[in-house]
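This report concerns only the one structure given below.
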Number of protein chains: 4
Amino acid sequence: MQAKVPVGILGATGVVGQRFVQLLEHHPWFEVAWLAASDRSEGRAYGEAARWRMKTALPSRVAEMRVSPAKPEGAPRIIFAALDSSIAAELEPRFAEAGCAVVTNSSALRMQSDVPLVIPEVNPDHIALIDIQPWRKKSGGFVVTNSNCSAMGLVLALAPLHRQFGIETIMAVTMQAVSGAGYPGVPSLDILGNVIPYIAKEEEKMEEETGKLLGKLDGSKIVQASFSMSAQCNRVAVEDGHTESIAVKLTKKVSAEQIIRAWSEFRGAAQELNLPSAPKNPVQYLTAPDRPQPRFDVDAGNGMTTTVGRLRPCGVLDWKFTLLSHNTIRGAAGAALLNAELLKVKGYLA
Amino acid sequence: MQAKVPVGILGATGVVGQRFVQLLEHHPWFEVAWLAASDRSEGRAYGEAARWRMKTALPSRVAEMRVSPAKPEGAPRIIFAALDSSIAAELEPRFAEAGCAVVTNSSALRMQSDVPLVIPEVNPDHIALIDIQPWRKKSGGFVVTNSNCSAMGLVLALAPLHRQFGIETIMAVTMQAVSGAGYPGVPSLDILGNVIPYIAKEEEKMEEETGKLLGKLDGSKIVQASFSMSAQCNRVAVEDGHTESIAVKLTKKVSAEQIIRAWSEFRGAAQELNLPSAPKNPVQYLTAPDRPQPRFDVDAGNGMTTTVGRLRPCGVLDWKFTLLSHNTIRGAAGAALLNAELLKVKGYLA
Amino acid sequence: MQAKVPVGILGATGVVGQRFVQLLEHHPWFEVAWLAASDRSEGRAYGEAARWRMKTALPSRVAEMRVSPAKPEGAPRIIFAALDSSIAAELEPRFAEAGCAVVTNSSALRMQSDVPLVIPEVNPDHIALIDIQPWRKKSGGFVVTNSNCSAMGLVLALAPLHRQFGIETIMAVTMQAVSGAGYPGVPSLDILGNVIPYIAKEEEKMEEETGKLLGKLDGSKIVQASFSMSAQCNRVAVEDGHTESIAVKLTKKVSAEQIIRAWSEFRGAAQELNLPSAPKNPVQYLTAPDRPQPRFDVDAGNGMTTTVGRLRPCGVLDWKFTLLSHNTIRGAAGAALLNAELLKVKGYLA
Amino acid sequence: MQAKVPVGILGATGVVGQRFVQLLEHHPWFEVAWLAASDRSEGRAYGEAARWRMKTALPSRVAEMRVSPAKPEGAPRIIFAALDSSIAAELEPRFAEAGCAVVTNSSALRMQSDVPLVIPEVNPDHIALIDIQPWRKKSGGFVVTNSNCSAMGLVLALAPLHRQFGIETIMAVTMQAVSGAGYPGVPSLDILGNVIPYIAKEEEKMEEETGKLLGKLDGSKIVQASFSMSAQCNRVAVEDGHTESIAVKLTKKVSAEQIIRAWSEFRGAAQELNLPSAPKNPVQYLTAPDRPQPRFDVDAGNGMTTTVGRLRPCGVLDWKFTLLSHNTIRGAAGAALLNAELLKVKGYLA
């Protein structure tokens with residue numbers, strides 16, 4: 001049995017940071033060796049610094065670890081990052097410059113032309129962008145990002161259709177869980193019995209990231225996928241799981257059966273390489289007329305599977321359907337973890 | 001001071017029936033004189049038969065009234081109906097046949113070609129269909145309907161755009177309140193912390209009713225408005241108020257200011273005739289970036305105003321926006337009441 | 001018609017500060033003339049500085065007022081205070097020293113021996129403590145407090161029993177609304193679908209304040225009421241309204257009818273003096289077996305009435321019952337307002 | 001490997017019936033062989049008859065089983081029952097008479113003098129009552145019951161204190177989850193953002209069952225434990241998990257440490273006999289100041305552990321604390337299953 005690779009978590013006390021701790025607890029390859037958070041937490045035991053919000057118990061080994069300063073000195077080479085975007089914009093390049101492999105959930109660098117935005121089932125080849133990053137040349141460090149939580153489920157559901165049938169138009173309306181806003185995040189007075197039809201910058205991220213994720217690597221740049229798209233993002237009183245009402249126009253005229261088959265048979269590098277966090281099915285179609293629902297389906301594939309249902313013809317575009325994705329697992333920490341697993345297999349973490 | 005006109009309520013014990021009781025309590029023209037419900041309630045005092053779910057107190061005069069059998073004999077001429085669709089299909093014609101003016105919230109007869117589906121601000125002229133109803137000729141009775149709760153807010157928001165700029169395409173995704181399902185309606189185990197992406201027959205109703213409401217009266221028939229439309233309906237953990245994420249393509253290219261002005265200046269027969277239940281503004285545009293929200297806006301115009309916000313360009317159609325409408329007031333009992341007021345002014349209740 | 005008395009609000013941007021603005025909007029005697037909040041808000045228009053969370057619209061006159069620095073200079077004589085306790089401890093004495101009549105909802109000075117803790121229906125005579133306050137002698141300024149939101153409903157329900165029958169023992173378990181924690185207050189991730197069995201310092205406040213409120217003014221000090229008491233405080237997913245399960249042992253053996261009559265007939269100085277914010281009934285007994293409930297009863301008496309129900313014998317003490325009180329109206333801003341009205345009638349605001 | 005013992009479920013389609021199916025899926029001793037429900041479901045595949053509300057998938061083997069008529073003919077000997085009380089009162093004796101071992105969650109026969117009301121950790125000796133049941137003598141059949149969901153957590157927390165220190169007085173206020181009312185159960189319109197201070201017959205059950213469970217078997221009858229008790233039961237917007245605010249007076253004066261030790265060291269027949277569904281700790285004390293909470297603690301010990309926290313002195317009785325128990329696992333199906341395991345080990349199922 002081989003020793004596990006030590007990894008660090010930047011932004012370890014937040015909701016996504018806690019998910020990293022949780023998901024890494026029994027990971028076969030990686031082991032948490034370093035935790036950093038804001039100055040306020042520095043030097044304290046993690047168990048005291050973090051207000052633990054996961055439903056599984058905080059591992060006692062991690063609880064006792066001291067929170068390090070958020071500096072590359074003393075950090076392990078592999079860093080999972082879950083920082084607020086404004087802080088990430090400053091810190092992630094610093095860690096990459098110091099030679100770290102920064103696998104981040106932050107939006108700060110996602111759309112930067114030399115930073116891969118990757119879903120292992122969808123566009124694993126985009127990791128080649130790493131090689132044109134200036135940090136890579138200098139210190140061996142680099143940054144790899146995963147998508148926004150609202151784009152993640154959508155792109156997983158669209159990828160097989162895009163691949164097989166072509167996509168011309170996407171309309172997406174989201175009903176997003178409160179955990180997507182972190183902790184303390186959404187005040188209860190704002191959301192109990194309510195819908196908030198606005199999440200700052202979410203629609204922009206969702207639209208542009210979808211284009212990059214489904215885009216093509218052409219030499220050393222990504223050519224965005226060429227469809228028109230419109231997103232409308234809402235917050236609802238759900239703990240975990242973003243539900244999305246989707247309509248699409250495809251290039252080929254196909255049947256519902258063909259679409260469902262495309263979803264059911266969809267596999268990608270994550271599955272082919274047997275990555276430890278890969279779900280058996282990246283996309284699962286549910287036949288019940290009223291599914292997916294957060295209450296029942298959010299944990300499908302340990303939170304890594306996007307569930308889809310209600311496929312039916314659309315009076316405006318071709319098809320409409322509902323999808324559900326776990327926003328802090330597949331849409332955040334689990335996504336970064338799967339990216340790190342891909343990077344390891346591809347030799348980027350050596 | 002003139003005596004008030006006696007009215008009856010069919011299906012008086014349900015959530016919409018209770019809204020009728022509530023809204024009629026201080027009505028200047030009408031007065032509840034007769035209440036009917038299922039056999040189970042017959043003969044009991046209304047206060048005992050109904051499990052009162054309104055936040056205002058049940059008027060004691062009404063509480064003491066006996067629940068009558070659901071038969072036209074002994075009923076007043078004007079009947080507000082809030083029956084389940086299957087029962088309405090049988091009972092409403094029977095009351096109309098007996099000479100009653102049936103002003104109903106039920107979906108049973110809405111799409112029947114000789115039954116007007118009316119919003120006083122939108123298509124008041126459609127009430128002319130009454131004159132071709134066979135009941136009308138025979139006994140003077142007739143049936144007038146209002147729309148489904150999900151179509152109501154949408155059509156109010158679309159009507160001024162349709163009138164001024166033309167509408168070619170509508171995409172609607174709803175997040176509907178639980179009160180729309182009546183009482184007991186949605187089990188708490190189904191909706192606490194959840195989204196249900198399915199409401200039986202709701203999408204079909206929303207699409208077809210929108211076409212009829214925005215349609216043109218041509219002689220004795222309604223020519224459906226000619227746009228393409230697609231609706232996706234979801235249930236969320238909100239008590240009252242349907243929120244909808246809308247995208248539209250207009251015939252004319254207009255500015256956001258023109259659209260907002262069209263909404264703000266929108267008035268219809270309800271306002272022109274000073275109907276007692278008419279809101280000052282059928283549509284109100286909110287400028288805050290995160291509104292409308294059920295918590296704050298559902299009672300705008302005493303629940304009769306549709307609030308609209310977040311107008312912005314759409315990457316697929318022309319514009320997108322959010323709307324909110326009170327589903328058991330404007331979308332049910334208040335809608336029927338406003339229809340009855342229109343009918344009275346137009347001489348149909350004499 | 002007399003000019004209204006100008007008043008100021010300290011801590012005007014918080015949830016209780018907003019309630020002051022809302023309740024003062026149509027007040028017959030007082031008018032908001034000055035608003036202060038934290039440094040962050042200073043100089044900004046109130047409408048921008050406050051994230052308005054009330055369901056009625058922010059009055060435009062108030063929206064345009066500038067937020068003043070939280071200093072007595074330039075402030076009106078009458079100050080309603082809704083500050084966090086730690087800040088109140090410092091600022092309230094400063095305003096009193098400068099001659100202001102500080103009518104506060106903060107807990108900072110409530111238990112100080114020369115500061116009256118007053119409910120006009122219960123212990124209006126306690127305002128005499130004002131005259132021994134050092135500020136009073138020096139500048140005419142003083143501080144008057146109202147109780148914690150969890151104690152308020154309890155003491156209103158207990159006062160008539162205490163007066164007529166004597167109280168020996170009180171057991172109280174609360175289920176408190178999230179608005180009691182202010183804004184942003186309770187994170188939605190903490191309370192959706194959950195109960196939190198802990199509110200910092202709440203049980204201590206509830207117990208000690210109950211004793212002082214029901215205590216006797218003896219010369220220039222309050223003799224605490226002599227009963228034993230135990231409080232357990234829980235947070236639940238309710239927006240407004242603290243529900244409490246109460247058990248009491250009385251000195252006299254009485255019947256349920258006697259208790260209900262004591263509640264129904266209970267009146268105090270607030271009613272006798274016709275104070276504008278006084279409810280007709282400070283306590284209202286509901287006969288339905290499953291009431292009071294926040295959904296239906298929280299706004300009784302415009303949020304100033306404590307509703308009580310389910311009176312039944314207790315297997316341990318004598319009686320048990322449920323009560324409900326609006327925590328940000330009767331339990332906060334409305335309480336202070338009623339106190340100010342009492343003070344005005346008693347000549348303390350001249 | 002031995003063959004599993006076939007068992008049947010009466011009332012298999014309800015929420016508790018579904019829990020039985022779920023908990024039995026991987027049970028080492030028992031296997032679902034027969035399912036019965038109301039006439040409406042008879043003859044249909046279970047997967048169609050039941051509206052599956054569990055979060056784990058319905059096992060396909062069970063989904064395909066036909067629902068049998070609710071009659072002893074053809075039923076296996078061991079029957080888990082989850083019927084409404086009124087139906088249970090009629091059916092359970094009929095199955096016992098026919099020779100079945102009826103292990104039931106229903107309240108119908110719980111307080112009958114010859115029917116054991118059992119918690120294996122608390123009063124396993126009470127199963128001796130089986131031998132005086134007339135059915136037992138006639139056909140070998142018998143009925144064993146478990147407690148109400150609100151009494152279960154309480155009695156588990158009290159048992160070690162009762163055993164070691166004596167209990168004189170109990171005050172209990174519950175905040176109960178909606179799943180306790182079954183499905184469809186509590187309408188969402190009743191509970192969203194609300195507290196309902198009433199659950200029919202719950203307080204009576206909680207009080208009398210606690211006395212019987214902590215009572216002593218004296219020859220062939222149970223002598224109720226002799227403490228005074230008072231329960232107040234509320235419904236809150238929580239899916240699973242009853243939270244209870246408890247105060248107790250003990251016979252011995254003890255320290256908090258002694259009480260916590262009594263809880264931590266508490267073991268009973270369930271643990272000693274290594275029953276498959278027994279939690280390692282029947283009671284677990286949590287040291288965080290704001291726990292237990294349904295969100296985090298309801299699944300402790302696979303839903304079989306009662307979590308306790310906030311032990312502190314009480315101003316009226318001796319001690320107060322909060323407890324949490326999973327109402328449909330430990331408080332219903334899991335309780336019956338544990339009873340069946342005890343019965344098997346004790347030879348009653350042979």
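In the structure tokens, the first chain shown is A, the next is B, and so on; residue numbers restart at 1 for each chain, and ligands run from 1 in the order shown.
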
Just want the 10 Å neighbourhood of His162 (chain D), counted on only C-alpha atoms, with same-chain residues fewer than 6 positions away dropped. Output as a ChimeraX atom specification. /D:155,168,214,225,250-251,262

Select all residues from chain B having any atom no more than 12 Å from an atom of chain C (counting only C-alpha atoms, ignoring ligands), output as a VMD selection string. chain B and resid 47 to 48 51 to 58 188 to 189 191 to 194 237 239 286 288 290 293 to 302

Using the chain letters and numbers from this document, which residues of region 144-212 of chain D does DSSP assign to strand (DSSP E), as a CSV table (one decimal) with all heavy atoms, in the first residue's frame?
chain,number,residue,atom,x,y,z
D,144,VAL,N,-46.8,-7.7,20.6
D,144,VAL,CA,-45.8,-6.9,21.3
D,144,VAL,C,-45.8,-5.5,20.7
D,144,VAL,O,-45.8,-5.4,19.5
D,144,VAL,CB,-44.4,-7.5,21.3
D,144,VAL,CG1,-43.3,-6.6,21.8
D,144,VAL,CG2,-44.4,-8.8,22.1
D,145,THR,N,-45.7,-4.5,21.5
D,145,THR,CA,-45.8,-3.1,21.0
D,145,THR,C,-44.5,-2.3,21.4
D,145,THR,O,-43.8,-2.7,22.4
D,145,THR,CB,-47.0,-2.4,21.6
D,145,THR,OG1,-46.8,-2.2,23.0
D,145,THR,CG2,-48.3,-3.1,21.4
D,167,ILE,N,-36.5,8.9,39.6
D,167,ILE,CA,-37.1,10.1,39.0
D,167,ILE,C,-38.4,10.4,39.7
D,167,ILE,O,-39.3,9.5,39.9
D,167,ILE,CB,-37.4,9.8,37.5
D,167,ILE,CG1,-36.0,9.8,36.8
D,167,ILE,CG2,-38.3,10.9,36.9
D,167,ILE,CD1,-36.2,9.6,35.3
D,168,GLU,N,-38.6,11.7,40.1
D,168,GLU,CA,-39.8,12.1,40.8
D,168,GLU,C,-40.7,12.9,39.9
D,168,GLU,O,-42.0,12.8,40.1
D,168,GLU,CB,-39.4,12.9,42.1
D,168,GLU,CG,-38.7,12.0,43.0
D,168,GLU,CD,-38.5,12.6,44.4
D,168,GLU,OE1,-38.9,13.8,44.6
D,168,GLU,OE2,-37.9,12.0,45.3
D,169,THR,N,-40.2,13.7,39.0
D,169,THR,CA,-41.0,14.6,38.2
D,169,THR,C,-40.4,14.7,36.8
D,169,THR,O,-39.2,14.8,36.7
D,169,THR,CB,-41.1,16.0,38.9
D,169,THR,OG1,-41.4,15.8,40.3
D,169,THR,CG2,-42.1,16.8,38.2
D,170,ILE,N,-41.3,14.8,35.8
D,170,ILE,CA,-40.8,15.0,34.5
D,170,ILE,C,-41.7,16.0,33.8
D,170,ILE,O,-42.9,15.9,33.8
D,170,ILE,CB,-41.0,13.7,33.6
D,170,ILE,CG1,-40.3,12.5,34.3
D,170,ILE,CG2,-40.5,13.9,32.2
D,170,ILE,CD1,-40.7,11.2,33.7
D,171,MET,N,-41.1,17.0,33.2
D,171,MET,CA,-41.8,18.0,32.4
D,171,MET,C,-41.2,17.9,31.0
D,171,MET,O,-40.0,18.0,30.8
D,171,MET,CB,-41.5,19.5,32.9
D,171,MET,CG,-42.0,19.8,34.3
D,171,MET,SD,-43.8,20.0,34.4
D,171,MET,CE,-44.0,21.5,33.5
D,172,ALA,N,-42.0,17.7,30.0
D,172,ALA,CA,-41.5,17.5,28.6
D,172,ALA,C,-42.3,18.4,27.6
D,172,ALA,O,-43.5,18.4,27.7
D,172,ALA,CB,-41.7,16.0,28.2
D,173,VAL,N,-41.6,19.1,26.8
D,173,VAL,CA,-42.2,19.9,25.7
D,173,VAL,C,-41.5,19.4,24.5
D,173,VAL,O,-40.3,19.4,24.3
D,173,VAL,CB,-42.0,21.4,25.9
D,173,VAL,CG1,-42.5,22.1,24.7
D,173,VAL,CG2,-42.7,21.9,27.2
D,174,THR,N,-42.3,19.0,23.5
D,174,THR,CA,-41.8,18.4,22.3
D,174,THR,C,-41.9,19.4,21.1
D,174,THR,O,-42.8,20.2,21.1
D,174,THR,CB,-42.5,17.1,21.9
D,174,THR,OG1,-43.9,17.4,21.5
D,174,THR,CG2,-42.6,16.1,23.0
D,175,MET,N,-41.0,19.2,20.1
D,175,MET,CA,-41.1,19.9,18.9
D,175,MET,C,-40.9,18.8,17.8
D,175,MET,O,-39.8,18.4,17.5
D,175,MET,CB,-40.0,20.9,18.8
D,175,MET,CG,-40.2,22.1,19.8
D,175,MET,SD,-38.7,23.0,20.2
D,175,MET,CE,-38.0,21.9,21.4
D,176,GLN,N,-42.1,18.3,17.3
D,176,GLN,CA,-42.1,17.1,16.6
D,176,GLN,C,-42.1,17.2,15.1
D,176,GLN,O,-42.7,18.2,14.5
D,176,GLN,CB,-43.3,16.2,17.0
D,176,GLN,CG,-43.3,15.9,18.5
D,176,GLN,CD,-44.4,15.0,19.0
D,176,GLN,OE1,-44.9,15.2,20.1
D,176,GLN,NE2,-44.7,14.0,18.2
D,195,VAL,N,-45.7,26.9,13.7
D,195,VAL,CA,-45.7,25.9,14.8
D,195,VAL,C,-47.1,25.5,15.1
D,195,VAL,O,-48.0,26.4,15.2
D,195,VAL,CB,-45.0,26.5,16.0
D,195,VAL,CG1,-45.2,25.5,17.2
D,195,VAL,CG2,-43.5,26.8,15.8
D,196,ILE,N,-47.4,24.3,15.2
D,196,ILE,CA,-48.8,23.9,15.6
D,196,ILE,C,-48.7,23.3,17.0
D,196,ILE,O,-48.1,22.2,17.2
D,196,ILE,CB,-49.4,22.8,14.7
D,196,ILE,CG1,-49.3,23.3,13.2
D,196,ILE,CG2,-50.8,22.5,15.1
D,196,ILE,CD1,-49.8,22.3,12.2

Filtered DSSP result for region 74-222 of chain A, state helix (DSSP H, G or I), as an MDAnalysis selection string: chainID A and resid 85:97 124:132 134:139 149:165 178:181 188:191 202:213

Applying 12 Å and only C-alpha atoms, which residues near Pro76 (chain B) remain after dropping the ones on its own chain fewer than 6 positions away? List them as a list in words.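 Skipping anything fewer than 6 positions along the chain leaves Val5, Pro6, Val7, Gly8, Ile9, Leu10, Phe30, Glu31, Val32, Ala33, Trp34, Leu35, Ala36, Ser68, Ala70, Phe95, Ala96, Ala98, Gly99, Cys100, Ala101, Val102, Gly141 and Leu349 of chain B.
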
Excluding Asn123 (chain C) and any residue of its chain fewer than 4 positions from it, enumerate the residues within 9 Å of it, using only C-alpha atoms, and give them as a list in words.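 The neighbour list is Leu117, Val118, Ile119, Ile127, Leu213, Leu214, Gly215, Lys216, Leu217, Gly268 and Ala269 of chain C.
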
List as a ChimeraX atom specification the protein and nucleic acid residues near Glu90 (chain D), meaning an atom at most 12 Å away when only C-alpha atoms are counted, but skip any in the same chain fewer than 4 places from it. /D:70-71,83-86,94-97,106,108-109

For region 329-334 of chain D, list every protein, DNA or RNA residue within 8 Å, evaluated using only C-alpha atoms, and leave out those in the same chain fewer than 3 positions away; present the list as a VMD selection string. chain D and resid 16 to 17 19 to 20 23 82 105 146 to 150 152 to 153 277 303 to 305 325 to 326 337 to 338

For Ile259 (chain D), work out the shell of residues within 12 Å, counting only C-alpha atoms and skipping chain neighbours fewer than 2 positions away, then give it as a PyMOL selection string. chain D and resi 157-166+248+250+252-257+261-266+283-285+308-313+318-321
